[in-house]
Amino acid sequence: MTVDDPTSSASTGPGASGSGPGTPIGRGQHTPHHEVDHTVQPTADPLAIRLEQLILGAERRYTPFQAARSAGVSMELASRFWRAMGFADIGQARALTEADVLALRRLAGLVEAGLLSEPMAVQVARSTGQTTARLAEWQIDSFLEGLTEPPEPGMTRTEVTYPLVELLLPELEEFLVYVWRRQLAAATGRVVQVADDEEMVDRRLAVGFADLVGFTRLTRRLEEEELGELVETFETTAADLVAAYGGRLIKTLGDEVLYCADDAGTAAEIALRLIETMEADPQMPELRVGIAFGTVTTRMGDVFGTTVNLASRLTSIAPKDAVLVDGAMAEELARTGAAPVSEKEAEAAPEEGAAYRFALQPMWQRPVRGLGVVEPWSLTRRKPRIPG
């Protein structure tokens, strides 16, 4: 897609080439001509073209202007959608297919029907593009890369790739749709159970950060392949544990993972399980976790706000192989009966104390950059007392 104006003197109609002046990305913004190469052409490699046609299920047919016109949308809106999906400008190359036209028509139709505002439609394009781009890169780098090793001497990777993609494509597509529907059902279920409409966007959640200790030193000591394996093991283990115990993995940042849970007890259990699992692996470095509970703003699958910032700060000051939580998290654990407010309370009611899963220990108050003075609490697994 391009942001060239097809009615300008430099680009006078469908199929016109050239490098006319940049036109608006959005209202009131322009892309300087020197920053965007409007003459960029899609690859002409024969195998790449054959694979593209196989995956897209159609041949190149339209220039961006022709695609926008066929979809019945303005070039400005078509360009915004295209860039939001993460694709580079392609000038006036004839590189788009019927599928591109249909996608434009569908997004524009949702706006025209009043189901989505124009900014929301652009967000849909951006969130979908960012998520699937990462997925596609991972599948090519980690999955197809290994499978396309020539099975016989003398065979080239090129000779293997096309039939392999041809076999995998329908299966991967079906699986992608299945997982997406499952995730959509789960997310919708969480939203409709919220009692307060305002909490559908700004919700009260437990947010946890888990961070590998000394990762920077490891990057200098380990070979690239070893470092990659360590990060993959950490991310895979964290993702499995977060999912298994009812949390949601928000994102991974190499040496750090961010997760959230609807209730404090779930977040606490995940944190302790992470530390226990990592401690059992002698190849893994120590881990520290910080959890905060409070109002969180959710956008495009990510979480924002003071609660998230506080969880991150708690992680940075947590001791090795330990969990620190904020006061709100400690109160929520006590309110729900997951932990006693104090050991005296547990000793005063032994029968009730036996049901507590966690123990809380107040730590020294300390200033936290950007958040003032906070009183962290140490979270541990409560050990049953032996009568005697």
# chains A, B, ... in the order shown; residues from 1 in each chain; ligands from 1
>>> select_by_dssp(residues="range 81-304 of chain A", states="helix (DSSP H, G or I)", output="PyMOL selection string")
chain A and resi 81-84+98-112+118-147+157-192+197-200+215-221+224-244+264-279
>>> residues_around(residues="range 109-113 of chain A", least_positions_apart="6", cutoff="12 Å", atoms="only C-alpha atoms", output="PyMOL selection string")
chain A and resi 71-73+77+101-103+119-122+124
>>> residues_around(residues="range 307-319 of chain A", least_positions_apart="2", cutoff="9 Å", atoms="only C-alpha atoms", output="CSV table (one decimal) with N, CA, C and O atoms, in the first residue's frame")
chain,number,residue,atom,x,y,z
A,205,LEU,N,-7.0,-5.9,39.0
A,205,LEU,CA,-6.3,-7.1,38.7
A,205,LEU,C,-5.1,-7.2,39.6
A,205,LEU,O,-4.6,-6.2,40.1
A,206,ALA,N,-4.6,-8.5,39.7
A,206,ALA,CA,-3.2,-8.7,40.3
A,206,ALA,C,-2.3,-8.8,39.1
A,206,ALA,O,-2.5,-9.5,38.2
A,207,VAL,N,-1.2,-8.0,39.2
A,207,VAL,CA,-0.2,-7.9,38.1
A,207,VAL,C,1.1,-8.3,38.7
A,207,VAL,O,1.6,-7.8,39.7
A,208,GLY,N,1.8,-9.3,38.0
A,208,GLY,CA,3.0,-9.8,38.5
A,208,GLY,C,4.1,-9.7,37.4
A,208,GLY,O,3.9,-9.9,36.2
A,209,PHE,N,5.3,-9.3,37.9
A,209,PHE,CA,6.5,-9.3,37.0
A,209,PHE,C,7.5,-10.4,37.6
A,209,PHE,O,7.7,-10.5,38.8
A,210,ALA,N,8.0,-11.2,36.7
A,210,ALA,CA,9.1,-12.2,37.1
A,210,ALA,C,10.3,-11.9,36.3
A,210,ALA,O,10.3,-11.8,35.1
A,211,ASP,N,11.4,-11.7,37.0
A,211,ASP,CA,12.7,-11.3,36.4
A,211,ASP,C,13.8,-12.2,36.8
A,211,ASP,O,14.0,-12.5,37.9
A,258,LEU,N,5.6,-10.7,32.2
A,258,LEU,CA,4.5,-9.9,32.8
A,258,LEU,C,3.2,-10.7,32.7
A,258,LEU,O,2.9,-11.2,31.6
A,287,LEU,N,15.4,-16.1,40.5
A,287,LEU,CA,14.3,-15.4,40.0
A,287,LEU,C,13.8,-14.5,41.1
A,287,LEU,O,13.9,-14.8,42.3
A,288,ARG,N,13.2,-13.3,40.7
A,288,ARG,CA,12.6,-12.5,41.7
A,288,ARG,C,11.2,-12.0,41.1
A,288,ARG,O,11.2,-11.8,39.9
A,289,VAL,N,10.2,-11.9,42.0
A,289,VAL,CA,8.9,-11.6,41.5
A,289,VAL,C,8.3,-10.4,42.3
A,289,VAL,O,8.5,-10.4,43.6
A,290,GLY,N,7.6,-9.5,41.7
A,290,GLY,CA,6.9,-8.5,42.3
A,290,GLY,C,5.4,-8.5,41.9
A,290,GLY,O,5.2,-8.7,40.7
A,291,ILE,N,4.5,-8.3,42.8
A,291,ILE,CA,3.1,-8.3,42.5
A,291,ILE,C,2.4,-7.1,43.1
A,291,ILE,O,2.6,-6.8,44.3
A,292,ALA,N,1.5,-6.5,42.4
A,292,ALA,CA,0.7,-5.4,42.9
A,292,ALA,C,-0.7,-5.7,42.5
A,292,ALA,O,-1.0,-6.3,41.5
A,293,PHE,N,-1.7,-5.2,43.4
A,293,PHE,CA,-3.1,-5.4,43.1
A,293,PHE,C,-3.8,-4.0,43.0
A,293,PHE,O,-3.6,-3.1,43.9
A,294,GLY,N,-4.6,-3.8,42.0
A,294,GLY,CA,-5.3,-2.6,41.9
A,294,GLY,C,-5.9,-2.4,40.5
A,294,GLY,O,-6.0,-3.3,39.7
A,295,THR,N,-6.3,-1.1,40.2
A,295,THR,CA,-6.9,-0.8,38.9
A,295,THR,C,-5.9,-0.8,37.8
A,295,THR,O,-4.8,-0.3,38.0
A,296,VAL,N,-6.2,-1.5,36.7
A,296,VAL,CA,-5.3,-1.6,35.6
A,296,VAL,C,-6.1,-1.2,34.3
A,296,VAL,O,-7.3,-1.6,34.1
A,303,VAL,N,-1.3,-4.2,29.5
A,303,VAL,CA,-1.8,-3.5,30.7
A,303,VAL,C,-1.0,-2.3,31.0
A,303,VAL,O,0.2,-2.3,30.9
A,304,PHE,N,-1.6,-1.3,31.6
A,304,PHE,CA,-0.9,-0.1,31.9
A,304,PHE,C,-1.4,0.5,33.2
A,304,PHE,O,-2.5,0.1,33.7
A,305,GLY,N,-0.7,1.4,33.8
A,305,GLY,CA,-1.2,2.1,35.0
A,305,GLY,C,-0.2,2.0,36.2
A,305,GLY,O,0.8,1.3,36.1
A,321,ASP,N,15.1,-15.1,44.5
A,321,ASP,CA,14.2,-16.2,44.8
A,321,ASP,C,13.2,-15.9,45.9
A,321,ASP,O,12.9,-16.6,46.8
A,322,ALA,N,12.6,-14.7,45.7
A,322,ALA,CA,11.7,-14.2,46.7
A,322,ALA,C,10.6,-13.4,46.0
A,322,ALA,O,10.7,-13.0,44.8
A,323,VAL,N,9.4,-13.3,46.6
A,323,VAL,CA,8.3,-12.5,46.1
A,323,VAL,C,7.9,-11.4,47.0
A,323,VAL,O,7.8,-11.6,48.2
A,324,LEU,N,7.8,-10.2,46.5
A,324,LEU,CA,7.4,-9.0,47.2
A,324,LEU,C,6.0,-8.6,46.6
A,324,LEU,O,5.8,-8.6,45.4
A,325,VAL,N,5.1,-8.2,47.5
A,325,VAL,CA,3.8,-7.7,47.1
A,325,VAL,C,3.5,-6.4,47.8
A,325,VAL,O,4.1,-6.0,48.8
A,326,ASP,N,2.6,-5.6,47.2
A,326,ASP,CA,2.3,-4.3,47.8
A,326,ASP,C,1.2,-4.5,48.8
A,326,ASP,O,0.6,-5.6,49.0
A,368,VAL,N,10.1,4.4,46.6
A,368,VAL,CA,10.2,3.8,45.2
A,368,VAL,C,10.1,4.9,44.2
A,368,VAL,O,9.2,5.7,44.2
A,369,ARG,N,11.0,4.9,43.3
A,369,ARG,CA,11.1,6.0,42.3
A,369,ARG,C,9.8,6.2,41.6
A,369,ARG,O,9.2,5.2,41.0
A,370,GLY,N,9.3,7.4,41.6
A,370,GLY,CA,8.1,7.7,40.9
A,370,GLY,C,6.8,7.4,41.6
A,370,GLY,O,5.7,7.7,41.2
A,371,LEU,N,6.9,6.6,42.7
A,371,LEU,CA,5.7,6.2,43.4
A,371,LEU,C,5.6,6.5,44.9
A,371,LEU,O,4.7,6.1,45.6
A,376,PRO,N,6.5,-2.8,51.2
A,376,PRO,CA,6.4,-4.1,50.6
A,376,PRO,C,6.2,-5.2,51.6
A,376,PRO,O,6.6,-5.1,52.8
A,378,SER,N,6.7,-9.5,52.2
A,378,SER,CA,7.3,-10.7,51.7
A,378,SER,C,6.2,-11.8,51.6
A,378,SER,O,5.5,-12.0,52.7
>>> residues_around(residues="range 234-246 of chain A", least_positions_apart="2", cutoff="7 Å", atoms="only C-alpha atoms", output="number ranges by chain")
A: 230-232, 248-249, 252, 266, 270, 274
>>> write_last_selection(atoms="N, CA, C and O atoms", output="short mmCIF file (atom, residue, chain, number, x, y, z; two decimals), in the first residue's frame")
data_model
loop_
_atom_site.label_atom_id
_atom_site.label_comp_id
_atom_site.auth_asym_id
_atom_site.auth_seq_id
_atom_site.Cartn_x
_atom_site.Cartn_y
_atom_site.Cartn_z
N LEU A 230 18.37 -20.63 27.07
CA LEU A 230 17.98 -20.26 28.44
C LEU A 230 16.72 -19.40 28.42
O LEU A 230 15.78 -19.63 29.19
N VAL A 231 16.71 -18.40 27.55
CA VAL A 231 15.54 -17.52 27.45
C VAL A 231 14.30 -18.31 27.03
O VAL A 231 13.21 -18.11 27.58
N GLU A 232 14.47 -19.20 26.06
CA GLU A 232 13.34 -19.99 25.60
C GLU A 232 12.80 -20.89 26.72
O GLU A 232 11.59 -21.03 26.89
N ARG A 248 -2.93 -15.02 33.09
CA ARG A 248 -2.81 -14.66 31.68
C ARG A 248 -1.45 -14.05 31.44
O ARG A 248 -1.08 -13.07 32.11
N LEU A 249 -0.71 -14.61 30.52
CA LEU A 249 0.60 -14.06 30.17
C LEU A 249 0.39 -12.85 29.27
O LEU A 249 -0.20 -12.97 28.20
N THR A 252 6.37 -11.32 27.16
CA THR A 252 7.69 -11.75 27.61
C THR A 252 8.71 -10.76 27.07
O THR A 252 8.58 -10.26 25.95
N THR A 266 -4.54 -16.44 42.90
CA THR A 266 -3.99 -17.04 41.67
C THR A 266 -2.63 -16.44 41.34
O THR A 266 -1.68 -17.16 41.02
N ILE A 270 1.02 -18.50 41.29
CA ILE A 270 1.88 -18.51 40.10
C ILE A 270 3.28 -18.04 40.46
O ILE A 270 4.28 -18.63 40.04
N LEU A 274 6.60 -20.34 40.08
CA LEU A 274 7.69 -19.94 39.20
C LEU A 274 9.04 -20.08 39.92
O LEU A 274 10.00 -20.63 39.38
#
>>> residues_around(residues="Leu218 in chain A", least_positions_apart="2", cutoff="12 Å", atoms="only C-alpha atoms", output="MDAnalysis selection string")
chainID A and resid 212:216 220:224 226:228 230:231 255 283:286
>>> select_by_dssp(residues="range 196-272 of chain A", states="strand (DSSP E or B)", output="PDB file with C-alpha atoms, in the first residue's frame")
ATOM      1  CA  ASP A 202     -10.247  -0.210  33.899  1.00  0.00           C
ATOM      2  CA  ARG A 203     -10.281  -3.407  35.946  1.00  0.00           C
ATOM      3  CA  ARG A 204      -8.926  -4.489  39.333  1.00  0.00           C
ATOM      4  CA  LEU A 205      -6.312  -7.148  38.721  1.00  0.00           C
ATOM      5  CA  ALA A 206      -3.244  -8.676  40.295  1.00  0.00           C
ATOM      6  CA  VAL A 207      -0.215  -7.891  38.138  1.00  0.00           C
ATOM      7  CA  GLY A 208       3.042  -9.780  38.469  1.00  0.00           C
ATOM      8  CA  PHE A 209       6.532  -9.344  37.029  1.00  0.00           C
ATOM      9  CA  ALA A 210       9.055 -12.188  37.142  1.00  0.00           C
ATOM     10  CA  ASP A 211      12.656 -11.266  36.407  1.00  0.00           C
ATOM     11  CA  LEU A 212      15.801 -13.366  35.978  1.00  0.00           C
ATOM     12  CA  ARG A 248      -2.815 -14.665  31.676  1.00  0.00           C
ATOM     13  CA  LEU A 249       0.601 -14.061  30.173  1.00  0.00           C
ATOM     14  CA  ILE A 250       0.688 -10.478  28.921  1.00  0.00           C
ATOM     15  CA  LYS A 251       4.157 -10.438  27.371  1.00  0.00           C
ATOM     16  CA  THR A 252       7.688 -11.753  27.605  1.00  0.00           C
ATOM     17  CA  GLU A 256      11.267 -10.868  32.255  1.00  0.00           C
ATOM     18  CA  VAL A 257       7.630 -11.916  32.000  1.00  0.00           C
ATOM     19  CA  LEU A 258       4.519  -9.916  32.797  1.00  0.00           C
ATOM     20  CA  TYR A 259       1.350 -11.721  33.811  1.00  0.00           C
ATOM     21  CA  CYS A 260      -1.950 -10.889  35.477  1.00  0.00           C
ATOM     22  CA  ALA A 261      -4.787 -12.679  37.234  1.00  0.00           C
TER      23      ALA A 261
END
